[in-house]
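Undergrad: I am sharing protein-v2.txt, which consists of compact mmCIF, C-alpha atoms and all ligand atoms:
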```
# COMPACT_ATOMS: atom_id res chain seq x y z
CA ASN A 56 -31.20 292.58 17.55
CA LYS A 57 -28.20 290.42 16.68
CA GLN A 58 -24.94 292.29 17.43
CA VAL A 59 -21.17 291.85 17.07
CA VAL A 60 -19.45 292.95 20.26
CA LEU A 61 -15.74 293.45 21.02
CA LYS A 62 -14.94 291.05 23.88
CA GLU A 63 -11.60 292.54 24.89
CA PHE A 64 -8.84 294.68 23.48
CA VAL A 65 -6.95 292.85 20.77
CA VAL A 66 -3.26 292.00 20.97
CA GLY A 67 -1.45 291.10 17.74
CA ALA A 68 -3.47 289.87 14.78
CA PRO A 69 -7.23 289.96 15.43
CA LYS A 70 -8.95 286.61 16.05
CA GLU A 71 -12.58 285.68 15.68
CA THR A 72 -12.68 285.02 19.43
CA ASP A 73 -11.87 288.68 20.11
CA MET A 74 -15.48 289.32 19.13
CA GLU A 75 -18.76 287.64 20.02
CA ILE A 76 -22.32 287.56 18.74
CA ARG A 77 -25.01 288.53 21.24
CA GLN A 78 -28.67 289.38 21.22
CA GLY A 79 -29.31 292.96 22.26
CA LYS A 80 -32.42 295.06 22.63
CA VAL A 81 -33.47 297.65 20.10
CA SER A 82 -36.36 300.03 19.73
CA LEU A 83 -37.53 300.51 16.18
CA ARG A 84 -38.71 304.01 17.12
CA ALA A 85 -36.31 306.95 17.05
CA PRO A 86 -35.73 308.11 20.64
CA THR A 87 -37.73 311.10 21.79
CA GLY A 88 -35.79 313.77 23.60
CA VAL A 89 -32.85 313.43 21.19
CA GLU A 90 -32.99 315.82 18.30
CA GLY A 91 -32.79 314.40 14.80
CA ALA A 92 -32.07 310.72 15.50
CA ILE A 93 -32.82 307.90 13.10
CA VAL A 94 -33.22 304.14 13.41
CA VAL A 95 -31.78 302.09 10.55
CA LYS A 96 -31.86 298.51 9.37
CA ASN A 97 -28.27 297.63 8.47
CA LEU A 98 -27.85 295.99 5.08
CA TYR A 99 -24.12 295.94 4.21
CA LEU A 100 -21.15 296.41 6.53
CA SER A 101 -17.64 297.26 5.45
CA CYS A 102 -14.63 295.38 6.82
CA ASP A 103 -11.66 297.72 7.05
CA PRO A 104 -8.12 297.21 8.36
CA TYR A 105 -8.26 300.54 10.27
CA MET A 106 -10.89 298.97 12.57
CA ARG A 107 -8.07 296.91 14.09
CA GLY A 108 -6.65 300.20 15.34
CA ARG A 109 -9.86 300.81 17.28
CA MET A 110 -9.57 297.46 19.02
CA ARG A 111 -6.57 298.41 21.14
CA ASP A 112 -6.35 300.41 24.33
CA TYR A 113 -4.70 303.50 22.89
CA SER A 114 -5.75 307.07 22.67
CA ASP A 115 -3.08 308.32 20.26
CA SER A 116 -5.12 307.57 17.17
CA TYR A 117 -7.18 309.89 15.00
CA ILE A 118 -10.24 307.88 15.99
CA PRO A 119 -11.21 306.69 19.52
CA PRO A 120 -11.01 302.99 20.49
CA PHE A 121 -14.02 300.67 20.72
CA GLN A 122 -14.89 299.68 24.28
CA PRO A 123 -14.92 296.01 25.31
CA GLY A 124 -18.51 294.85 25.69
CA SER A 125 -19.82 297.35 23.16
CA VAL A 126 -21.02 296.91 19.60
CA ILE A 127 -18.40 297.35 16.89
CA GLU A 128 -18.86 300.34 14.63
CA GLY A 129 -17.97 300.68 10.98
CA PHE A 130 -19.06 302.03 7.62
CA GLY A 131 -22.26 300.55 6.28
CA VAL A 132 -25.24 300.90 4.01
CA ALA A 133 -28.58 300.95 5.82
CA LYS A 134 -32.27 301.69 5.33
CA VAL A 135 -34.07 304.23 7.52
CA VAL A 136 -36.95 302.63 9.46
CA ASP A 137 -37.78 305.59 11.73
CA SER A 138 -36.69 309.20 11.85
CA THR A 139 -37.16 312.41 13.77
CA ASN A 140 -34.61 314.04 11.47
CA PRO A 141 -35.90 316.30 8.68
CA ASN A 142 -32.98 315.25 6.44
CA PHE A 143 -33.84 311.53 6.46
CA CYS A 144 -37.19 309.91 5.73
CA VAL A 145 -38.38 306.38 6.38
CA GLY A 146 -37.35 304.30 3.38
CA ASP A 147 -34.22 306.36 2.58
CA TYR A 148 -30.94 304.50 2.09
CA ILE A 149 -27.95 305.99 3.87
CA THR A 150 -24.25 305.28 4.13
CA GLY A 151 -21.86 306.21 6.94
CA LEU A 152 -20.84 304.96 10.37
CA THR A 153 -23.27 302.47 11.86
CA GLY A 154 -23.22 299.52 14.27
CA TRP A 155 -22.36 295.90 13.53
CA GLU A 156 -25.91 294.84 14.39
CA GLU A 157 -29.23 294.30 12.64
CA TYR A 158 -30.73 297.64 13.69
CA SER A 159 -28.95 300.76 14.92
CA THR A 160 -30.06 304.03 16.41
CA ILE A 161 -27.91 306.81 14.99
CA VAL A 162 -27.77 310.13 16.76
CA ARG A 163 -24.72 311.68 15.09
CA THR A 164 -26.28 311.96 11.66
CA GLU A 165 -23.99 314.73 10.28
CA GLN A 166 -21.56 312.07 9.08
CA LEU A 167 -24.25 310.19 7.10
CA ARG A 168 -24.82 310.53 3.38
CA LYS A 169 -28.14 309.83 1.72
CA ILE A 170 -27.70 307.41 -1.18
CA GLU A 171 -29.00 308.84 -4.42
CA VAL A 172 -27.40 306.50 -6.94
CA PHE A 173 -29.31 303.26 -7.34
CA ASP A 174 -28.15 301.87 -10.67
CA VAL A 175 -25.11 300.25 -9.08
CA PRO A 176 -25.33 297.65 -6.29
CA LEU A 177 -26.03 299.26 -2.91
CA SER A 178 -23.00 297.61 -1.33
CA TYR A 179 -20.68 299.59 -3.65
CA HIS A 180 -21.35 302.61 -1.44
CA VAL A 181 -19.01 301.18 1.21
CA GLY A 182 -16.34 300.31 -1.36
CA LEU A 183 -15.83 301.69 -4.84
CA LEU A 184 -18.13 304.68 -4.16
CA GLY A 185 -17.38 304.93 -0.44
CA MET A 186 -14.48 305.34 1.93
CA THR A 187 -12.06 302.93 0.26
CA GLY A 188 -12.68 304.18 -3.28
CA PHE A 189 -12.26 307.72 -2.01
CA THR A 190 -8.99 306.75 -0.31
CA ALA A 191 -7.64 305.49 -3.63
CA TYR A 192 -8.81 308.65 -5.39
CA VAL A 193 -7.33 311.21 -2.98
CA GLY A 194 -4.24 309.12 -2.31
CA PHE A 195 -3.45 308.85 -6.00
CA TYR A 196 -4.35 312.32 -7.24
CA GLU A 197 -3.53 314.44 -4.17
CA ILE A 198 -0.52 312.65 -2.68
CA CYS A 199 1.20 310.84 -5.57
CA ALA A 200 1.35 313.85 -7.95
CA PRO A 201 1.09 311.45 -10.91
CA LYS A 202 2.37 312.16 -14.40
CA LYS A 203 1.76 310.28 -17.61
CA GLY A 204 4.44 307.64 -18.08
CA ASP A 205 5.26 307.33 -14.37
CA TYR A 206 6.29 303.91 -13.07
CA VAL A 207 3.80 303.04 -10.33
CA PHE A 208 3.94 300.27 -7.76
CA VAL A 209 0.92 299.34 -5.59
CA SER A 210 0.99 296.83 -2.71
CA ALA A 211 -2.10 294.90 -1.49
CA ALA A 212 -3.04 295.73 -5.05
CA SER A 213 -6.13 293.55 -5.42
CA GLY A 214 -7.70 294.89 -2.22
CA ALA A 215 -10.35 297.55 -1.82
CA VAL A 216 -8.01 300.53 -2.15
CA GLY A 217 -5.27 298.98 -4.27
CA GLN A 218 -7.51 297.80 -7.11
CA LEU A 219 -8.76 301.32 -7.78
CA VAL A 220 -5.34 302.97 -7.38
CA GLY A 221 -3.93 300.69 -10.07
CA GLN A 222 -6.80 301.35 -12.45
CA LEU A 223 -6.66 305.12 -11.96
CA ALA A 224 -2.92 304.98 -12.60
CA LYS A 225 -3.48 303.06 -15.85
CA LEU A 226 -6.10 305.61 -16.96
CA HIS A 227 -3.51 308.31 -16.22
CA GLY A 228 -1.08 306.71 -18.65
CA CYS A 229 1.23 305.16 -16.04
CA TYR A 230 3.02 301.82 -16.07
CA VAL A 231 1.58 299.88 -13.13
CA VAL A 232 2.78 296.84 -11.20
CA GLY A 233 0.92 295.36 -8.23
CA SER A 234 1.86 292.91 -5.51
CA ALA A 235 -0.60 290.54 -3.86
CA GLY A 236 -0.56 287.40 -1.75
CA SER A 237 -1.87 284.62 -4.00
CA ALA A 238 -1.82 283.31 -7.57
CA GLN A 239 -5.55 284.03 -7.87
CA LYS A 240 -5.02 287.68 -6.95
CA VAL A 241 -2.06 288.03 -9.32
CA ASP A 242 -4.23 286.64 -12.10
CA LEU A 243 -6.99 289.16 -11.31
CA LEU A 244 -4.50 292.02 -11.35
CA LYS A 245 -3.14 291.08 -14.75
CA ASN A 246 -6.26 289.82 -16.46
CA LYS A 247 -9.17 291.71 -14.94
CA LEU A 248 -7.83 294.91 -13.37
CA GLY A 249 -5.50 295.79 -16.24
CA PHE A 250 -2.21 296.04 -14.33
CA ASP A 251 0.83 295.77 -16.61
CA GLU A 252 2.48 293.28 -14.27
CA ALA A 253 1.79 291.67 -10.92
CA PHE A 254 3.60 289.31 -8.58
CA ASN A 255 2.97 287.20 -5.49
CA TYR A 256 5.19 288.75 -2.82
CA LYS A 257 4.95 285.58 -0.70
CA GLU A 258 6.88 283.70 -3.35
CA GLU A 259 9.68 286.24 -3.74
CA PRO A 260 12.79 285.37 -1.72
CA ASP A 261 14.13 288.92 -2.11
CA LEU A 262 11.63 291.78 -2.45
CA THR A 263 14.31 294.31 -3.43
CA GLU A 264 15.44 292.12 -6.30
CA ALA A 265 11.85 291.37 -7.32
CA LEU A 266 11.06 295.09 -7.56
CA ARG A 267 14.30 295.68 -9.43
CA SER A 268 13.25 293.14 -12.04
CA TYR A 269 9.79 294.71 -12.47
CA PHE A 270 11.15 298.26 -12.45
CA PRO A 271 14.56 298.20 -14.13
CA LYS A 272 14.43 302.02 -14.36
CA GLY A 273 13.05 302.45 -10.83
CA ILE A 274 9.71 303.46 -9.28
CA ASP A 275 8.25 306.97 -9.55
CA ILE A 276 5.26 306.33 -7.30
CA TYR A 277 4.88 303.76 -4.55
CA PHE A 278 1.34 303.56 -3.14
CA ASP A 279 2.01 301.77 0.15
CA ASN A 280 -0.80 299.76 1.72
CA VAL A 281 1.35 297.34 3.69
CA GLY A 282 4.47 298.95 5.21
CA GLY A 283 7.21 296.75 6.66
CA ALA A 284 9.62 294.84 4.43
CA MET A 285 7.83 295.86 1.22
CA LEU A 286 8.18 299.55 2.03
CA ASP A 287 11.87 299.07 2.76
CA ALA A 288 12.39 297.25 -0.53
CA ALA A 289 10.42 299.86 -2.47
CA LEU A 290 12.49 302.70 -0.99
CA LEU A 291 15.65 301.15 -2.41
CA ASN A 292 14.02 301.05 -5.85
CA MET A 293 12.69 304.62 -5.97
CA ARG A 294 13.76 307.02 -8.68
CA VAL A 295 15.00 310.55 -8.10
CA HIS A 296 12.05 312.79 -7.10
CA GLY A 297 9.84 309.73 -6.49
CA ARG A 298 6.75 309.89 -4.30
CA VAL A 299 5.67 307.41 -1.63
CA ALA A 300 2.04 307.69 -0.54
CA VAL A 301 1.75 306.02 2.86
CA CYS A 302 -1.85 304.88 2.90
CA GLY A 303 -1.63 302.11 5.50
CA MET A 304 0.60 299.46 7.00
CA VAL A 305 -1.55 296.37 7.20
CA SER A 306 1.50 294.12 7.68
CA GLN A 307 2.31 295.84 10.97
CA HIS A 308 -0.90 295.17 12.90
CA ALA A 309 0.07 291.67 13.91
CA VAL A 310 3.72 292.40 14.58
CA SER A 311 4.44 292.86 18.27
CA ASP A 312 7.97 294.12 17.70
CA PRO A 313 7.95 296.01 14.38
CA LYS A 314 11.35 296.25 12.74
CA GLY A 315 12.44 299.72 11.75
CA ILE A 316 12.67 300.81 8.14
CA SER A 317 16.36 300.69 7.19
CA ASN A 318 16.36 302.53 3.90
CA LEU A 319 15.01 305.95 4.82
CA TYR A 320 18.30 307.53 3.77
CA THR A 321 17.12 307.08 0.17
CA LEU A 322 14.68 309.93 0.85
CA VAL A 323 17.66 312.26 0.90
CA MET A 324 19.75 310.62 -1.78
CA LYS A 325 16.88 310.47 -4.26
CA ARG A 326 14.96 313.57 -3.04
CA ILE A 327 11.86 311.45 -2.47
CA ARG A 328 8.67 312.82 -0.96
CA MET A 329 7.02 310.35 1.43
CA GLU A 330 3.68 311.41 2.84
CA GLY A 331 1.06 309.79 5.01
CA PHE A 332 -2.56 310.78 4.56
CA ILE A 333 -6.03 310.11 5.95
CA GLN A 334 -8.88 310.22 3.48
CA SER A 335 -11.20 312.13 5.84
CA ASP A 336 -8.97 315.23 5.58
CA TYR A 337 -10.02 315.51 1.93
CA LEU A 338 -13.81 315.20 2.22
CA HIS A 339 -14.24 318.48 0.34
CA LEU A 340 -13.24 316.45 -2.76
CA PHE A 341 -15.98 313.84 -2.26
CA PRO A 342 -18.51 315.69 -4.49
CA LYS A 343 -15.95 315.51 -7.31
CA PHE A 344 -14.93 311.93 -6.61
CA LEU A 345 -18.40 310.40 -6.68
CA PRO A 346 -19.57 311.39 -10.20
CA THR A 347 -16.07 310.79 -11.60
CA ILE A 348 -15.90 307.21 -10.37
CA ILE A 349 -19.55 306.46 -11.17
CA ASP A 350 -18.99 307.60 -14.76
CA LEU A 351 -15.78 305.57 -15.14
CA TYR A 352 -17.55 302.51 -13.78
CA LYS A 353 -20.62 302.91 -15.98
CA GLN A 354 -18.46 303.45 -19.04
CA GLY A 355 -16.70 300.17 -18.24
CA ARG A 356 -13.36 301.95 -17.88
CA ILE A 357 -12.88 300.59 -14.37
CA VAL A 358 -14.04 297.34 -12.82
CA TYR A 359 -14.69 296.51 -9.18
CA ILE A 360 -14.08 293.29 -7.27
CA GLU A 361 -16.06 292.69 -4.12
CA ASP A 362 -15.89 289.82 -1.63
CA MET A 363 -19.27 289.37 0.08
CA ASN A 364 -19.76 287.29 3.24
CA GLU A 365 -23.38 286.49 4.01
CA GLY A 366 -24.75 287.01 7.52
CA LEU A 367 -23.79 289.24 10.45
CA GLU A 368 -22.58 286.18 12.37
CA ASN A 369 -19.86 285.79 9.71
CA GLY A 370 -18.67 289.35 10.28
CA PRO A 371 -15.83 288.50 12.69
CA ALA A 372 -14.40 285.87 10.28
CA ALA A 373 -14.62 288.31 7.38
CA PHE A 374 -12.83 290.99 9.37
CA VAL A 375 -10.09 288.66 10.61
CA GLY A 376 -9.55 287.48 7.02
CA LEU A 377 -8.26 290.94 6.04
CA PHE A 378 -5.11 290.21 8.03
CA THR A 379 -4.46 286.82 6.45
CA GLY A 380 -5.29 287.93 2.91
CA ASN A 381 -8.44 285.81 2.81
CA ASN A 382 -10.43 288.54 1.08
CA VAL A 383 -10.36 288.77 -2.70
CA GLY A 384 -11.33 292.38 -3.39
CA LYS A 385 -13.31 294.66 -1.11
CA GLN A 386 -14.57 292.73 1.94
CA VAL A 387 -18.22 293.37 2.76
CA VAL A 388 -20.66 291.60 5.11
CA CYS A 389 -24.28 291.31 4.01
CA VAL A 390 -26.61 291.59 7.01
CA SER A 391 -29.76 291.77 4.92
CA ARG A 392 -30.46 292.50 1.25
CA GLU A 393 -33.42 294.75 1.97
P1 LIG A 401 -7.61 295.20 1.53
O1 LIG A 401 -8.88 294.99 0.82
O2 LIG A 401 -6.37 295.45 0.73
O3 LIG A 401 -7.39 293.99 2.54
C1 LIG A 401 -6.23 293.85 3.28
C2 LIG A 401 -5.18 293.10 2.45
O4 LIG A 401 -3.91 293.35 3.02
C3 LIG A 401 -5.31 291.59 2.50
O5 LIG A 401 -6.23 291.10 1.57
C4 LIG A 401 -3.90 291.14 2.18
O6 LIG A 401 -3.74 291.04 0.78
C5 LIG A 401 -3.04 292.31 2.66
N1 LIG A 401 -2.26 291.90 3.83
C6 LIG A 401 -2.73 291.42 5.02
N2 LIG A 401 -1.71 291.14 5.85
C7 LIG A 401 -0.58 291.44 5.16
C8 LIG A 401 0.82 291.36 5.47
N3 LIG A 401 1.23 290.90 6.66
N4 LIG A 401 1.71 291.75 4.54
C9 LIG A 401 1.31 292.20 3.33
N5 LIG A 401 -0.01 292.30 2.98
C10 LIG A 401 -0.92 291.93 3.88
O7 LIG A 401 -7.77 296.43 2.54
P2 LIG A 401 -8.08 297.94 2.18
O8 LIG A 401 -7.93 298.13 0.73
O9 LIG A 401 -9.34 298.33 2.83
O10 LIG A 401 -6.90 298.71 2.92
C11 LIG A 401 -5.61 298.75 2.33
C12 LIG A 401 -4.73 299.67 3.17
O11 LIG A 401 -5.23 301.00 3.12
C13 LIG A 401 -4.67 299.30 4.65
O12 LIG A 401 -3.36 299.48 5.11
C14 LIG A 401 -5.60 300.29 5.29
O13 LIG A 401 -5.30 300.49 6.64
C15 LIG A 401 -5.33 301.50 4.43
N6 LIG A 401 -6.38 302.51 4.43
C16 LIG A 401 -5.98 303.80 4.67
C17 LIG A 401 -6.89 304.81 4.62
C18 LIG A 401 -6.41 306.22 4.80
O14 LIG A 401 -7.22 307.14 4.84
N7 LIG A 401 -5.12 306.42 4.89
C19 LIG A 401 -8.32 304.57 4.42
C20 LIG A 401 -8.63 303.18 4.09
C21 LIG A 401 -7.67 302.20 4.12
P3 LIG A 401 -2.62 290.08 0.11
O15 LIG A 401 -3.28 288.75 -0.11
O16 LIG A 401 -2.26 290.77 -1.13
O17 LIG A 401 -1.50 289.98 1.13
```
Rewrite the coordinates I just gave you, this time as structure tokens.
TA:
Amino acid sequence: NKQVVLKEFVVGAPKETDMEIRQGKVSLRAPTGVEGAIVVKNLYLSCDPYMRGRMRDYSDSYIPPFQPGSVIEGFGVAKVVDSTNPNFCVGDYITGLTGWEEYSTIVRTEQLRKIEVFDVPLSYHVGLLGMTGFTAYVGFYEICAPKKGDYVFVSAASGAVGQLVGQLAKLHGCYVVGSAGSAQKVDLLKNKLGFDEAFNYKEEPDLTEALRSYFPKGIDIYFDNVGGAMLDAALLNMRVHGRVAVCGMVSQHAVSDPKGISNLYTLVMKRIRMEGFIQSDYLHLFPKFLPTIIDLYKQGRIVYIEDMNEGLENGPAAFVGLFTGNNVGKQVVCVSRE
């Protein structure tokens, strides 16, 4: 059973050498004496920036840290190979938290969802139809309070969350600008994902001025995936009664001495609402999210960009690439296609 193990707690930006591949033992039979366990063959694993948060020795997070020497855990799509659980049969496909390994024994099955939609690629259940798609959906509709005609700015806009936020905003009748870290991503935003405008933030000498030029009348909604200097620049460009949805701060993971945000006073001056959120607080909306996004996708009203790395052994590189912008679209690792 090939496995990806955390070697030690990570300091700064994650490196491939923070993880290692090892051969572990696995039983393909669900353990007896544990009620309702299943054994799964892992097919697709999701690479998510929040996993970096589980690689540090902190207990202040909403999710406990990984332990050095143990297998990394993340969202995945897997096939049931043995089960003592009446809710899951051999041959079922499931999605939920699993191990970064070829086979996993899962005891906490309450968090798993049986896959019942098969006319889209299975891997979409960790992206567009999974946690990241859901994050875009609840972040946009529940936190941003969008209105037709709003001026919307999305950072890390070509990524897993950002690409769907921008498309939902367009469908809502908003004007949408995205930032991303390469010419290729900017091209995708403008020509495939339907953003009105997009720019490469790495080539902008002054982010405040760049945003001013894209939003001469100001920003109504900033969907923040990156934090740091971009958040500060966006705050200066917000309109009165603007909303900032703080989804994540991927730029801050590698920074040992994060600089404070200087422009928070604009919250008062412009009566802005800035709100952080975690998608798992909104799971009651998942039954509404899933058919909505499936329908939009099947009708061709939204598209989805996925970046697939082949092989579990390439998992660490794929994960590390999230923090250098190597991924183009939702980063997934294929362990096995069936
Ligand atoms: P992405 O697919 O967007 O991948 C991460 C991207 O972040 C990279 O491709 C890169 O894009 C960008 N990035 C990396 N480093 C930096 C940096 N220093 N400055 C600016 N941009 C950087 O990831 P996700 O869509 O999965 O996640 C996006 C955000 O949403 C993250 O902050 C994540 O933590 C958050 N999140 C929050 C959830 C919640 O419930 N609140 C749930 C899921 C995700 P580029 O080339 O454009 O720089």
Undergrad: For ligand LIG 401 (chain A), which residue among A:Leu322, A:Met186, A:Ala373, A:Ala288 is the nearest when counting only C-alpha atoms and all ligand atoms?
TA: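 So, comparing all the options, the nearest one is A:Met186.
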Undergrad: Nearest to ligand LIG 401 (chain A): which of A:Tyr117, A:Tyr320, A:Phe250, A:Tyr230 is it, counting all atoms listed in the file?
TA: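 Among the listed residues, the smallest separation from ligand LIG 401 (chain A) belongs to A:Tyr117.
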Undergrad: Taking only residues of chain A that have an atom at most 7 Å from an atom of ligand LIG 401 (chain A), what is each one's shortest atom pair and its distance in Å to one decimal, using all atoms listed in the file, in chain and number order, as CSV?
TA:
```
residue,atom,partner,partner_atom,distance
A:Asp103,CA,A:LIG401,O9,4.9
A:Pro104,CA,A:LIG401,O13,4.7
A:Tyr105,CA,A:LIG401,O13,4.7
A:Met186,CA,A:LIG401,C20,6.6
A:Thr187,CA,A:LIG401,C20,5.1
A:Thr190,CA,A:LIG401,C19,5.3
A:Ala211,CA,A:LIG401,O16,4.1
A:Ala212,CA,A:LIG401,O16,6.4
A:Ser213,CA,A:LIG401,O16,6.4
A:Gly214,CA,A:LIG401,O1,3.3
A:Ala215,CA,A:LIG401,O8,3.6
A:Val216,CA,A:LIG401,O8,3.7
A:Gly217,CA,A:LIG401,O8,5.7
A:Ser234,CA,A:LIG401,O16,6.4
A:Ala235,CA,A:LIG401,O16,3.2
A:Gly236,CA,A:LIG401,O15,3.5
A:Ser237,CA,A:LIG401,O15,5.8
A:Asn280,CA,A:LIG401,C12,4.2
A:Val281,CA,A:LIG401,C9,5.2
A:Cys302,CA,A:LIG401,N7,4.1
A:Gly303,CA,A:LIG401,O12,3.2
A:Met304,CA,A:LIG401,O12,4.4
A:Val305,CA,A:LIG401,O12,4.2
A:Ser306,CA,A:LIG401,N3,3.4
A:Gln307,CA,A:LIG401,N3,6.6
A:Phe332,CA,A:LIG401,N7,5.1
A:Ile333,CA,A:LIG401,O14,3.4
A:Gln334,CA,A:LIG401,O14,3.8
A:Ser335,CA,A:LIG401,O14,6.5
A:Leu377,CA,A:LIG401,C1,4.5
A:Phe378,CA,A:LIG401,C6,4.0
A:Thr379,CA,A:LIG401,C6,5.1
A:Gly380,CA,A:LIG401,O5,3.6
A:Asn381,CA,A:LIG401,O5,5.9
A:Asn382,CA,A:LIG401,O5,4.9
A:Val383,CA,A:LIG401,O5,6.4
A:Gly384,CA,A:LIG401,O1,5.5
A:Lys385,CA,A:LIG401,O1,4.8
A:Gln386,CA,A:LIG401,O1,6.2
```
Undergrad: By how many Å are CA of Thr139 (chain A) and CA of Thr153 (chain A) apart?
TA: 17.2 Å
Undergrad: Could you tell me which of A:Val209, A:Val60, A:Cys144, A:Val65 comes closest to Tyr113 (chain A) if we count only C-alpha atoms?
TA: A:Val65
Undergrad: Write out as an NGL selection string which residues come within 12 Å of Leu319 (chain A) when counting all atoms listed in the file, dropping same-chain ones fewer than 3 positions away.
TA: :A and (286-293 or 299 or 315-316 or 322-329)
Undergrad: What's around Arg356 (chain A) at 12 Å? Count all atoms listed in the file, leave out sequence neighbours fewer than 2 positions away in its own chain, and write the answer as a PyMOL selection string.
TA: chain A and resi 219+222-223+225-227+247-249+347-354+358-359
Undergrad: Grab the CA of Gln58 (chain A) to CA of Arg77 (chain A) distance for me, in Å with one decimal place.
TA: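 Between CA of Gln58 (chain A) and CA of Arg77 (chain A) the gap works out to 5.4 Å.
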Undergrad: Report, in Å with one decimal, the straight-line distance from CA of Cys389 (chain A) to CA of Pro346 (chain A).
TA: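 Computing the Euclidean distance for CA of Cys389 (chain A) and CA of Pro346 (chain A) yields 25.0 Å.
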Undergrad: Between A:Leu243, A:Val145, A:Ala253, A:Ile118, which is the closest to Val231 (chain A) once you count only C-alpha atoms?
TA: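 Among the listed residues, A:Ala253 lies closest to Val231 (chain A).
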Undergrad: Using only C-alpha atoms for the distances, tell me which of A:Gly79, A:Gly154, A:Pro141, A:Gly91 is nearest to Phe121 (chain A).
TA: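 With only C-alpha atoms as the atom set, the closest residue is A:Gly154.
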Undergrad: Set up a box along x, y and z of the file covering all listed atoms of region 277-284 of chain A, add 5 Å on every one of the six sides, and write the centre and edge lengths in Å to one decimal, as JSON.
TA:
```
{"center_x": 4.4, "center_y": 299.3, "center_z": 1.1, "size_x": 20.4, "size_y": 18.9, "size_z": 21.2}
```
Undergrad: For Gly366 (chain A), list every protein, DNA or RNA residue within 10 Å, evaluated using all atoms listed in the file, and leave out those in the same chain fewer than 6 positions away; present the list as a list in words.
TA: Leu98, Tyr99, Glu157, Val388, Cys389, Val390 and Ser391 of chain A
Undergrad: So, counting only C-alpha atoms, which residue among A:Glu259, A:Asn364, A:Tyr337, A:Asp73 is closest to Tyr192 (chain A)?
TA: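 Of A:Glu259, A:Asn364, A:Tyr337, A:Asp73, the one nearest Tyr192 (chain A), counting only C-alpha atoms, is A:Tyr337.
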Undergrad: For Gly146 (chain A), find every residue with an atom within 9 Å (counting all atoms listed in the file), except residues of its own chain fewer than 6 positions away, and show them as a PyMOL selection string.
TA: chain A and resi 134-137
Undergrad: Could you name the residues that touch Arg168 (chain A) at 8 Å or less, counting only C-alpha atoms, but leaving out those on the same chain fewer than 5 positions away, as a list in words?
TA: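 Counting only the stated atoms, we get Ile149, Thr150 and Gly151 of chain A.
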Undergrad: From the coordinates supplied, region 65-94 of chain A should be written with C-alpha atoms, as a short mmCIF file (atom, residue, chain, number, x, y, z; two decimals), in the first residue's frame.
TA:
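The resulting file, out.cif, is shown below:
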```
data_model
loop_
_atom_site.label_atom_id
_atom_site.label_comp_id
_atom_site.auth_asym_id
_atom_site.auth_seq_id
_atom_site.Cartn_x
_atom_site.Cartn_y
_atom_site.Cartn_z
CA VAL A 65 6.19 22.32 7.86
CA VAL A 66 7.71 25.76 8.31
CA GLY A 67 7.03 28.39 5.63
CA ALA A 68 6.04 27.25 2.15
CA PRO A 69 5.60 23.47 1.92
CA LYS A 70 8.35 21.53 0.12
CA GLU A 71 8.20 18.11 -1.49
CA THR A 72 10.76 16.93 1.08
CA ASP A 73 8.29 17.65 3.90
CA MET A 74 6.54 14.49 2.71
CA GLU A 75 7.77 11.03 1.76
CA ILE A 76 6.45 7.99 -0.06
CA ARG A 77 6.50 4.74 1.90
CA GLN A 78 5.09 1.26 1.59
CA GLY A 79 2.60 0.49 4.34
CA LYS A 80 0.49 -2.52 5.17
CA VAL A 81 -3.20 -2.72 4.45
CA SER A 82 -5.90 -5.29 4.91
CA LEU A 83 -8.45 -5.39 2.13
CA ARG A 84 -11.02 -6.66 4.63
CA ALA A 85 -13.01 -4.23 6.78
CA PRO A 86 -11.89 -4.65 10.40
CA THR A 87 -14.09 -6.79 12.61
CA GLY A 88 -14.93 -5.35 15.99
CA VAL A 89 -15.39 -1.85 14.51
CA GLU A 90 -18.94 -1.08 13.58
CA GLY A 91 -19.63 0.06 10.04
CA ALA A 92 -16.11 0.41 8.63
CA ILE A 93 -15.25 0.28 4.95
CA VAL A 94 -12.09 -0.34 2.94
#
```
